[in-house]
Amino acid sequence: MKIVAVDAIPYSIPYRKPLKFASGEVAAAEHVLVRVHTDDGVVGIADAPPRPFTYGETQRGVATVIETLFSPAIIGLTLVEREVVHAKLARTVGNPVAKSAVDMAIWDALGQTLDLPVTELLGGYTDRMRVSHMLGFDTPAAMVDEATRMRETYGIDVFKVKVGRRPIALDIAVVRALREGLGADTELYVDGNRGWTAAESARAMKEMSDLGLTLAEELCPADDVLGRRWLVQQLDVPFVADESATTPAEVTREILGGSATAVSIKTARTGFTTSQRTHHLCEGLGVDVVMGNQIDGQLGTACTVAFGAAFDLTSRRAGELSNFLDMSDDLLTESLEIRDGTLSVLPGSGLGVRIDPDKLAKYRTDQ
Ligand code: MUC
Ligand code: MG
């Protein structure tokens with residue numbers, strides 16, 4: 001159970017179609033595979049997707065902070081000393097995605113060691129989640145086509161629509177086309193990635209008030225403190241904090257300050273250990289949770305569904321679990337399968353996933 005080595009392996013897999021949104025664009029999964037090795041020969045794995053436009057981390061930075069600071073700090077600890085690991089990693093400021101991958105790889109190794117699924121160690125509430133698909137910027141017709149294809153092929157009937165462009169009419173036209181094209185029963189919600197001002201957000205939400213949206217996420221910057229509170233007070237749907245609530249402390253600040261009324265939990269940035277803290281906080285505060293997507297590949301998605309399925313609150317809403325479908329390939333030996341709009345937790349101990357060594361050799365960029 002003792003940690004003897006930690007690897008951080010950069011790799012790059014192109015997307016078939018880049019995902020575009022108000023704060024950036026992702027054309028390739030330039031992530032870091034993290035492996036935690038124990039003295040019993042167990043290898044836990046997790047994925048770190050650097051998102052410079054959200055947290056300031058880069059692929060090289062993630063690999064370097066793990067190799068130079070995190071690995072020496074945790075070698076010699078055992079897999080059950082997760083709070084000691086948490087405290088040691090917390091001595092470095094920031095780097096949420098790098099810390100989270102180390103944390104989740106330790107949980108995977110622990111699950112394998114105990115021969116139990118991580119999702120059961122976390123909470124074991126259910127074994128699956130409904131899937132929400134995220135639609136990046138495009139023309140109304142192309143976005144309706146993509147949503148229709150997702151519904152026909154995978155049974156997905158919940159869509160998060162990226163908004164935040166100017167003029168606001170561009171995105172309103174998309175959401176209206178989606179509602180008309182998909183019908184009244186499809187769930188639609190919007191995510192602005194801070195692209196609009198509070199006033200633009202209020203106007204857009206008013207103009208879309210007949211479209212039956214269920215959530216609005218991060219439409220304007222949380223730093224515009226009073227504008228954001230003013231916006232949130234006038235909405236009749238939960239307002240989801242994503243980039244503005246990346247730690248339990250930020251969640252507390254956003255919710256108690258009236259700047260959000262729901263929270264996106266992303267395992268890519270809070271791992272399992274801190275996501276547990278955020279979940280318990282949201283439960284105590286009585287706010288909705290969405291399991292978000294950090295534009296994850298299959299390994300990251302396996303982590304999200306393992307956590308989301310572990311609790312009642314996190315499994316109630318559809319989780320954002322499908323963006324890996326846009327990647328041209330992946331690293332796992334067996335592909336995740338979305339069926340009838342649902343993704344099941346993988347069976348087996350730990351996270352239940354294995355890396356294909358040929359694929360890793362093909363896509364790693366450090367050799
Ligand atoms: C999301 O929910 O915002 C896009 C940017 C980011 O930070 O995460 C993704 C999805
Ligand atoms: Mg978001």
# chains A, B, ... in the order shown; residues from 1 in each chain; ligands from 1

$ select_by_dssp --residues "range 68-197 of chain A" --states "strand (DSSP E or B)" --output "ChimeraX atom specification"
/A:78,117,128-135,158-162,187-191

$ write_last_selection --atoms "C-alpha atoms" --output "PDB file, in the first residue's frame"
ATOM      1  CA  THR A  78       0.361   4.750   2.096  1.00  0.00           C
ATOM      2  CA  PRO A 117     -14.861  -0.158  -7.014  1.00  0.00           C
ATOM      3  CA  ARG A 128     -25.121   4.958 -13.481  1.00  0.00           C
ATOM      4  CA  MET A 129     -25.919   8.515 -14.522  1.00  0.00           C
ATOM      5  CA  ARG A 130     -28.010  10.124 -17.201  1.00  0.00           C
ATOM      6  CA  VAL A 131     -25.796  11.917 -19.735  1.00  0.00           C
ATOM      7  CA  SER A 132     -25.860  15.558 -20.773  1.00  0.00           C
ATOM      8  CA  HIS A 133     -23.984  16.507 -23.968  1.00  0.00           C
ATOM      9  CA  MET A 134     -22.203  19.846 -24.299  1.00  0.00           C
ATOM     10  CA  LEU A 135     -22.696  21.667 -27.631  1.00  0.00           C
ATOM     11  CA  VAL A 158     -30.144  16.636 -22.249  1.00  0.00           C
ATOM     12  CA  PHE A 159     -27.939  19.330 -23.791  1.00  0.00           C
ATOM     13  CA  LYS A 160     -25.771  22.089 -22.358  1.00  0.00           C
ATOM     14  CA  VAL A 161     -25.527  24.851 -24.955  1.00  0.00           C
ATOM     15  CA  LYS A 162     -22.467  27.089 -25.004  1.00  0.00           C
ATOM     16  CA  GLU A 187     -33.747  19.350 -21.478  1.00  0.00           C
ATOM     17  CA  LEU A 188     -31.721  22.428 -22.490  1.00  0.00           C
ATOM     18  CA  TYR A 189     -29.512  24.672 -20.362  1.00  0.00           C
ATOM     19  CA  VAL A 190     -26.861  27.277 -21.141  1.00  0.00           C
ATOM     20  CA  ASP A 191     -23.245  27.966 -20.136  1.00  0.00           C
TER      21      ASP A 191
END

$ residues_around --residues "range 9-25 of chain A" --least-positions-apart "5" --cutoff "10 Å" --atoms "only C-alpha atoms" --output "MDAnalysis selection string"
chainID A and resid 30:35 47:49 51:54 59:60 62:63 134:138 161:166 191:196 219 295 297 323:331 359:367

$ closest_atom_pairs --of "chain A" --to "ligand 2" --cutoff "8 Å" --atoms "only C-alpha atoms and all ligand atoms" --output "Markdown table"
| residue | atom | partner | partner_atom_place_in_ligand_line | distance |
| --- | --- | --- | --- | --- |
| A:Asp191 | CA | ligand 2 | 1 (Mg) | 5.5 |
| A:Gly192 | CA | ligand 2 | 1 (Mg) | 7.2 |
| A:Asn193 | CA | ligand 2 | 1 (Mg) | 5.6 |
| A:Glu217 | CA | ligand 2 | 1 (Mg) | 6.1 |
| A:Glu218 | CA | ligand 2 | 1 (Mg) | 6.4 |
| A:Ala241 | CA | ligand 2 | 1 (Mg) | 7.8 |
| A:Asp242 | CA | ligand 2 | 1 (Mg) | 5.1 |
| A:Glu243 | CA | ligand 2 | 1 (Mg) | 6.6 |
| A:Ser264 | CA | ligand 2 | 1 (Mg) | 7.5 |
| A:Gly292 | CA | ligand 2 | 1 (Mg) | 7.1 |
| A:Asn293 | CA | ligand 2 | 1 (Mg) | 7.8 |

$ residues_around --residues "Glu83 in chain A" --least-positions-apart "4" --cutoff "9 Å" --atoms "only C-alpha atoms" --output "list in words"
Ala87, Lys88 and Thr273 of chain A

$ closest_residue --among "A:Glu146, A:Asp7, A:Glu152, A:Glu250" --to "Ala46 in chain A" --atoms "only C-alpha atoms"
A:Asp7

$ closest_atom_pairs --of "range 66-167 of chain A" --to "range 2-5 of chain A" --cutoff "6 Å" --atoms "only C-alpha atoms" --output "tab-separated table"
residue	atom	partner	partner_atom	distance
A:Ile75	CA	A:Ile3	CA	5.1
A:Gly76	CA	A:Ile3	CA	5.4
A:Leu77	CA	A:Lys2	CA	5.7
A:Thr78	CA	A:Lys2	CA	4.2

$ closest_residue --among "A:Thr247, A:Ser322, A:Gln234, A:Thr153" --to "Val97 in chain A" --atoms "only C-alpha atoms"
A:Thr247

$ select_by_dssp --residues "range 266-351 of chain A" --states "alpha helix (DSSP H)" --output "count of residues only"
33

$ closest_atom_pairs --of "range 30-101 of chain A" --to "range 275-285 of chain A" --cutoff "12 Å" --atoms "only C-alpha atoms" --output "JSON lines"
{"residue": "A:Glu83", "atom": "CA", "partner": "A:Arg277", "partner_atom": "CA", "distance": 11.8}
{"residue": "A:His86", "atom": "CA", "partner": "A:Arg277", "partner_atom": "CA", "distance": 11.9}
{"residue": "A:Pro96", "atom": "CA", "partner": "A:Ser275", "partner_atom": "CA", "distance": 11.6}
{"residue": "A:Ser100", "atom": "CA", "partner": "A:Ser275", "partner_atom": "CA", "distance": 9.4}

$ atom_distance --atom1 "CA of Val118 in chain A" --atom2 "CA of Lys266 in chain A"
16.3 Å

$ closest_residue --among "A:Asp171, A:Glu320, A:Glu337, A:Asp115" --to "ligand 1" --atoms "only C-alpha atoms and all ligand atoms"
A:Glu320

$ closest_residue --among "A:Ala202, A:Met291, A:Ala147, A:Ala268" --to "Asn95 in chain A" --atoms "only C-alpha atoms"
A:Ala268
